[in-house]
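> What follows is a structure written as structure tokens; I'll ask about it next.
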Amino acid sequence: MATSPLVAAVERLKRWMREHGAPLLVDNLAEGASPEQLQYAEASFGFPLPAALRELWAHHFGQREELNGFIEFRDLFDLDYALSGRDQVESALESMKEEETSFAEAGLSDEERAVAHWVPFAGRDSEYLVVHAVSGRVFVCEKDWPPLRHKAPSLTAWFEDFAARVEADDYTVEEGFGDYFLAQRNRAAEAARLEEERKRAEQERYRRETPLLEQLRDAMRDDKDHRAREVMEDVSKTPALGEAVALLFTSTDVRFIATALQYILRSVTLDAAQWRIVEAGGRALGNEA
């Protein structure tokens, strides 16, 4: 028998997990449900299960133990957990009646609103993934508003999309929710962090390789008084201090000069005119110099 697209997507996820240090998430999956178990599940819900959910449960009927969930931070549900999650979905639908526009915002069809045939198939605490037994569409049920929101046109499409994102390295294995779980990566935050690291490395290279007098000229050109203060601290430990002081006093900004000399005033020799400039700069800074 040919493997269904849904089962193929589940197997892709299992393969990635085994290859990327998360075998426990696979080993924790339960065996598939028997035909008799699936019949009992339908009798328990009181309506036929979607074909895709029958495929999923026939392949893996939930997990062996809680935590170490197969779907991000969520556990894959068996019948008992699926039944226990119905109240949350019904409560979400009831709360949405207080604001009629929420149904359209959630993406619910008239049929999904009228026929409450919902089956939670994964979840953690009060956050669930649910499938509508008639339309077959997948929704997320959680605390945000609206509490029920459309996620995928089918269970198969949802698993295929999840598998594709996992294979594209949109997830990483992180500690928590048991031993570990799949956490969705924040690409924007990662890019920002890498850029910050690049800038820091470039700054360190510049300070290491650029002569101090040149760094002082750059700080004066860019009007970076605090950077000038750092450079003057460094240059105060070198024979170039006198030359750096002379360069600094070519500035006409008394505040800039006072700030740059703030930490090394006891280490420099200034003439009377230069001291008056520093005093003026200190007054402009509130005597911080």
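The way I read the labels, and the way they are meant: chains A, B, ... in the order of the structure tokens, residue 1 as the first residue of every chain, and ligand 1 as the first ligand shown, with later ones counted on from there.
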According to DSSP computed on the backbone, where in region 157-240 of chain A is there strand (DSSP E)? Give the residues as a ChimeraX atom specification.
/A:171-175,180-184
> So that I can check the surroundings of region 109-113 of chain A, please list as a ChimeraX atom specification every protein, DNA and RNA residue that reaches within 9 Å of it, counting only C-alpha atoms and ignoring chain neighbours fewer than 5 positions away.
/A:93,103-104,118,132,134-135
> Which residue, A:Ala114, A:Ala189, A:Ala92, A:Leu261, has the smallest gap to Leu148 (chain A) when you use only C-alpha atoms?
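For Leu148 (chain A), the nearest of the given residues is A:Ala92.
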> Show me, as JSON, numbers by chain, the residues that have an atom within 10 Å of region 275-286 of chain A when counting only C-alpha atoms, minus same-chain residues fewer than 4 positions from it.
{"A": [249, 252, 253, 254, 255, 256, 257, 258, 259, 260, 261, 262, 265, 269, 270, 271]}
> Take the residues from that selection and put them in a file with N, CA, C and O atoms, as a short mmCIF file (atom, residue, chain, number, x, y, z; two decimals), in the first residue's frame.

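Contents of selection-v9.cif, freshly written:
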data_model
loop_
_atom_site.label_atom_id
_atom_site.label_comp_id
_atom_site.auth_asym_id
_atom_site.auth_seq_id
_atom_site.Cartn_x
_atom_site.Cartn_y
_atom_site.Cartn_z
N PHE A 249 42.66 69.92 21.53
CA PHE A 249 42.39 71.34 21.71
C PHE A 249 42.26 72.09 20.38
O PHE A 249 42.06 73.31 20.38
N THR A 252 36.75 73.31 18.79
CA THR A 252 36.18 74.56 19.33
C THR A 252 35.01 74.26 20.28
O THR A 252 34.37 75.20 20.77
N ASP A 253 34.75 72.98 20.52
CA ASP A 253 33.62 72.58 21.38
C ASP A 253 34.14 72.30 22.78
O ASP A 253 34.76 71.27 23.05
N VAL A 254 33.92 73.27 23.71
CA VAL A 254 34.46 73.13 25.06
C VAL A 254 33.85 71.93 25.79
O VAL A 254 34.51 71.29 26.61
N ARG A 255 32.59 71.63 25.51
CA ARG A 255 31.96 70.46 26.13
C ARG A 255 32.65 69.18 25.68
O ARG A 255 32.90 68.27 26.49
N PHE A 256 32.97 69.11 24.40
CA PHE A 256 33.64 67.93 23.85
C PHE A 256 34.99 67.75 24.52
O PHE A 256 35.36 66.64 24.95
N ILE A 257 35.75 68.83 24.62
CA ILE A 257 37.09 68.75 25.21
C ILE A 257 37.02 68.31 26.67
O ILE A 257 37.78 67.45 27.11
N ALA A 258 36.07 68.91 27.42
CA ALA A 258 35.95 68.57 28.84
C ALA A 258 35.57 67.11 29.02
O ALA A 258 36.09 66.43 29.91
N THR A 259 34.68 66.63 28.20
CA THR A 259 34.28 65.23 28.29
C THR A 259 35.44 64.30 27.97
O THR A 259 35.68 63.31 28.66
N ALA A 260 36.18 64.61 26.93
CA ALA A 260 37.30 63.77 26.50
C ALA A 260 38.37 63.67 27.57
O ALA A 260 39.04 62.64 27.72
N LEU A 261 38.57 64.76 28.35
CA LEU A 261 39.62 64.78 29.37
C LEU A 261 39.12 64.38 30.75
O LEU A 261 39.90 64.35 31.72
N GLN A 262 37.86 64.07 30.85
CA GLN A 262 37.19 63.89 32.14
C GLN A 262 37.92 62.92 33.07
O GLN A 262 38.06 63.19 34.26
N LEU A 265 42.32 64.07 33.78
CA LEU A 265 42.78 65.43 34.05
C LEU A 265 44.02 65.47 34.95
O LEU A 265 44.86 66.36 34.84
N THR A 269 49.25 67.73 31.53
CA THR A 269 49.75 69.06 31.85
C THR A 269 49.13 70.05 30.88
O THR A 269 49.30 69.92 29.65
N LEU A 270 48.38 71.02 31.41
CA LEU A 270 47.70 72.00 30.56
C LEU A 270 48.18 73.40 30.93
O LEU A 270 48.52 73.67 32.09
N ASP A 271 48.19 74.29 29.95
CA ASP A 271 48.52 75.69 30.26
C ASP A 271 47.26 76.40 30.74
O ASP A 271 46.16 75.83 30.76
#
> At what distance in Å, to one decimal, does CA of Val7 (chain A) lie from CA of Ala52 (chain A)?
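That distance, rounded to one decimal, is 9.3 Å.
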> Excluding same-chain residues fewer than 2 positions from region 227-232 of chain A, what lies within 8 Å of it counting only C-alpha atoms, as an mmCIF file with all heavy atoms, in the first residue's frame?

data_model
loop_
_atom_site.group_PDB
_atom_site.id
_atom_site.type_symbol
_atom_site.label_atom_id
_atom_site.label_comp_id
_atom_site.auth_asym_id
_atom_site.auth_seq_id
_atom_site.Cartn_x
_atom_site.Cartn_y
_atom_site.Cartn_z
ATOM 1 N N LEU A 212 45.983 55.238 17.837
ATOM 2 C CA LEU A 212 45.126 55.980 18.749
ATOM 3 C C LEU A 212 44.859 57.408 18.282
ATOM 4 O O LEU A 212 43.733 57.916 18.419
ATOM 5 C CB LEU A 212 45.751 56.001 20.149
ATOM 6 C CG LEU A 212 45.716 54.662 20.893
ATOM 7 C CD1 LEU A 212 46.528 54.743 22.185
ATOM 8 C CD2 LEU A 212 44.280 54.267 21.193
ATOM 9 N N GLN A 215 42.216 57.281 15.801
ATOM 10 C CA GLN A 215 40.931 57.037 16.452
ATOM 11 C C GLN A 215 40.389 58.324 17.068
ATOM 12 O O GLN A 215 39.179 58.585 17.028
ATOM 13 C CB GLN A 215 41.077 55.962 17.531
ATOM 14 C CG GLN A 215 41.382 54.574 16.993
ATOM 15 C CD GLN A 215 41.390 53.525 18.087
ATOM 16 O OE1 GLN A 215 40.520 53.533 18.960
ATOM 17 N NE2 GLN A 215 42.357 52.625 18.049
ATOM 18 N N LEU A 216 41.283 59.137 17.638
ATOM 19 C CA LEU A 216 40.850 60.406 18.214
ATOM 20 C C LEU A 216 40.335 61.342 17.128
ATOM 21 O O LEU A 216 39.300 62.000 17.301
ATOM 22 C CB LEU A 216 41.999 61.057 18.978
ATOM 23 C CG LEU A 216 41.683 62.403 19.638
ATOM 24 C CD1 LEU A 216 40.524 62.266 20.624
ATOM 25 C CD2 LEU A 216 42.921 62.970 20.330
ATOM 26 N N ALA A 219 36.894 60.237 16.192
ATOM 27 C CA ALA A 219 35.906 60.591 17.211
ATOM 28 C C ALA A 219 35.564 62.073 17.145
ATOM 29 O O ALA A 219 34.398 62.466 17.304
ATOM 30 C CB ALA A 219 36.435 60.229 18.601
ATOM 31 N N MET A 220 36.574 62.906 16.896
ATOM 32 C CA MET A 220 36.321 64.344 16.786
ATOM 33 C C MET A 220 35.517 64.652 15.530
ATOM 34 O O MET A 220 34.596 65.469 15.560
ATOM 35 C CB MET A 220 37.653 65.097 16.771
ATOM 36 C CG MET A 220 38.409 64.999 18.082
ATOM 37 S SD MET A 220 40.089 65.699 17.999
ATOM 38 C CE MET A 220 39.706 67.448 17.743
ATOM 39 N N LYS A 224 31.850 62.299 18.580
ATOM 40 C CA LYS A 224 31.591 61.264 19.582
ATOM 41 C C LYS A 224 32.478 61.541 20.796
ATOM 42 O O LYS A 224 33.584 61.023 20.918
ATOM 43 C CB LYS A 224 31.869 59.883 19.003
ATOM 44 C CG LYS A 224 30.915 59.495 17.871
ATOM 45 C CD LYS A 224 31.219 58.096 17.349
ATOM 46 C CE LYS A 224 30.223 57.685 16.269
ATOM 47 N NZ LYS A 224 30.526 56.325 15.731
ATOM 48 N N ASP A 225 31.949 62.368 21.700
ATOM 49 C CA ASP A 225 32.768 62.790 22.828
ATOM 50 C C ASP A 225 33.104 61.649 23.789
ATOM 51 O O ASP A 225 34.210 61.582 24.321
ATOM 52 C CB ASP A 225 32.102 63.944 23.582
ATOM 53 C CG ASP A 225 30.674 63.648 23.993
ATOM 54 O OD1 ASP A 225 30.190 62.526 23.712
ATOM 55 O OD2 ASP A 225 30.028 64.528 24.593
ATOM 56 N N ASP A 234 43.147 55.627 26.845
ATOM 57 C CA ASP A 234 44.150 54.701 26.306
ATOM 58 C C ASP A 234 45.463 55.427 25.992
ATOM 59 O O ASP A 234 46.551 54.934 26.277
ATOM 60 C CB ASP A 234 43.614 54.026 25.047
ATOM 61 C CG ASP A 234 42.474 53.054 25.342
ATOM 62 O OD1 ASP A 234 42.376 52.595 26.507
ATOM 63 O OD2 ASP A 234 41.689 52.760 24.423
ATOM 64 N N VAL A 235 45.331 56.587 25.381
ATOM 65 C CA VAL A 235 46.533 57.298 24.943
ATOM 66 C C VAL A 235 47.308 57.893 26.124
ATOM 67 O O VAL A 235 48.514 58.164 26.020
ATOM 68 C CB VAL A 235 46.168 58.392 23.910
ATOM 69 C CG1 VAL A 235 45.690 59.659 24.577
ATOM 70 C CG2 VAL A 235 47.347 58.687 22.977
ATOM 71 N N SER A 236 46.624 58.057 27.282
ATOM 72 C CA SER A 236 47.293 58.610 28.455
ATOM 73 C C SER A 236 48.383 57.673 28.973
ATOM 74 O O SER A 236 49.249 58.100 29.746
ATOM 75 C CB SER A 236 46.278 58.878 29.573
ATOM 76 O OG SER A 236 45.752 57.665 30.088
ATOM 77 N N LEU A 241 50.636 61.056 24.468
ATOM 78 C CA LEU A 241 49.635 61.841 25.191
ATOM 79 C C LEU A 241 49.700 63.322 24.838
ATOM 80 O O LEU A 241 48.669 63.954 24.580
ATOM 81 C CB LEU A 241 49.814 61.649 26.695
ATOM 82 C CG LEU A 241 48.885 62.483 27.587
ATOM 83 C CD1 LEU A 241 47.431 62.173 27.275
ATOM 84 C CD2 LEU A 241 49.200 62.243 29.059
ATOM 85 N N ALA A 244 48.203 63.989 21.532
ATOM 86 C CA ALA A 244 46.759 63.793 21.551
ATOM 87 C C ALA A 244 46.068 64.997 22.189
ATOM 88 O O ALA A 244 45.019 65.452 21.708
ATOM 89 C CB ALA A 244 46.414 62.513 22.305
ATOM 90 N N THR A 259 34.681 66.635 28.199
ATOM 91 C CA THR A 259 34.278 65.227 28.295
ATOM 92 C C THR A 259 35.444 64.303 27.973
ATOM 93 O O THR A 259 35.676 63.307 28.659
ATOM 94 C CB THR A 259 33.110 64.933 27.337
ATOM 95 O OG1 THR A 259 31.989 65.755 27.679
ATOM 96 C CG2 THR A 259 32.688 63.476 27.412
ATOM 97 N N ALA A 260 36.181 64.615 26.926
ATOM 98 C CA ALA A 260 37.295 63.766 26.501
ATOM 99 C C ALA A 260 38.375 63.669 27.569
ATOM 100 O O ALA A 260 39.040 62.639 27.716
ATOM 101 C CB ALA A 260 37.874 64.277 25.193
ATOM 102 N N LEU A 261 38.573 64.755 28.353
ATOM 103 C CA LEU A 261 39.620 64.779 29.369
ATOM 104 C C LEU A 261 39.118 64.378 30.753
ATOM 105 O O LEU A 261 39.897 64.352 31.722
ATOM 106 C CB LEU A 261 40.226 66.179 29.449
ATOM 107 C CG LEU A 261 41.049 66.634 28.238
ATOM 108 C CD1 LEU A 261 41.460 68.089 28.409
ATOM 109 C CD2 LEU A 261 42.283 65.744 28.069
ATOM 110 N N GLN A 262 37.855 64.068 30.853
ATOM 111 C CA GLN A 262 37.191 63.890 32.138
ATOM 112 C C GLN A 262 37.923 62.922 33.071
ATOM 113 O O GLN A 262 38.056 63.190 34.261
ATOM 114 C CB GLN A 262 35.761 63.375 31.911
ATOM 115 C CG GLN A 262 34.901 63.337 33.155
ATOM 116 C CD GLN A 262 33.463 63.007 32.812
ATOM 117 O OE1 GLN A 262 33.152 62.621 31.700
ATOM 118 N NE2 GLN A 262 32.577 63.164 33.777
ATOM 119 N N TYR A 263 38.402 61.802 32.552
ATOM 120 C CA TYR A 263 38.984 60.779 33.423
ATOM 121 C C TYR A 263 40.501 60.889 33.583
ATOM 122 O O TYR A 263 41.085 60.122 34.346
ATOM 123 C CB TYR A 263 38.638 59.392 32.894
ATOM 124 C CG TYR A 263 37.166 59.056 32.954
ATOM 125 C CD1 TYR A 263 36.640 58.063 32.132
ATOM 126 C CD2 TYR A 263 36.305 59.719 33.819
ATOM 127 C CE1 TYR A 263 35.291 57.744 32.170
ATOM 128 C CE2 TYR A 263 34.958 59.411 33.868
ATOM 129 C CZ TYR A 263 34.448 58.414 33.037
ATOM 130 O OH TYR A 263 33.123 58.102 33.080
ATOM 131 N N ILE A 264 41.132 61.811 32.848
ATOM 132 C CA ILE A 264 42.604 61.837 32.892
ATOM 133 C C ILE A 264 43.164 63.218 33.225
ATOM 134 O O ILE A 264 44.344 63.489 32.989
ATOM 135 C CB ILE A 264 43.201 61.365 31.550
ATOM 136 C CG1 ILE A 264 42.809 62.325 30.413
ATOM 137 C CG2 ILE A 264 42.780 59.939 31.230
ATOM 138 C CD1 ILE A 264 43.627 62.096 29.149
#
> Identify which of the residues A:Arg12, A:Arg74, A:Arg165, A:Arg198 lies closest to Arg124 (chain A), counting only C-alpha atoms when measuring atom-to-atom distances.
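Residue with the minimum atom-to-atom distance to Arg124 (chain A): A:Arg74.
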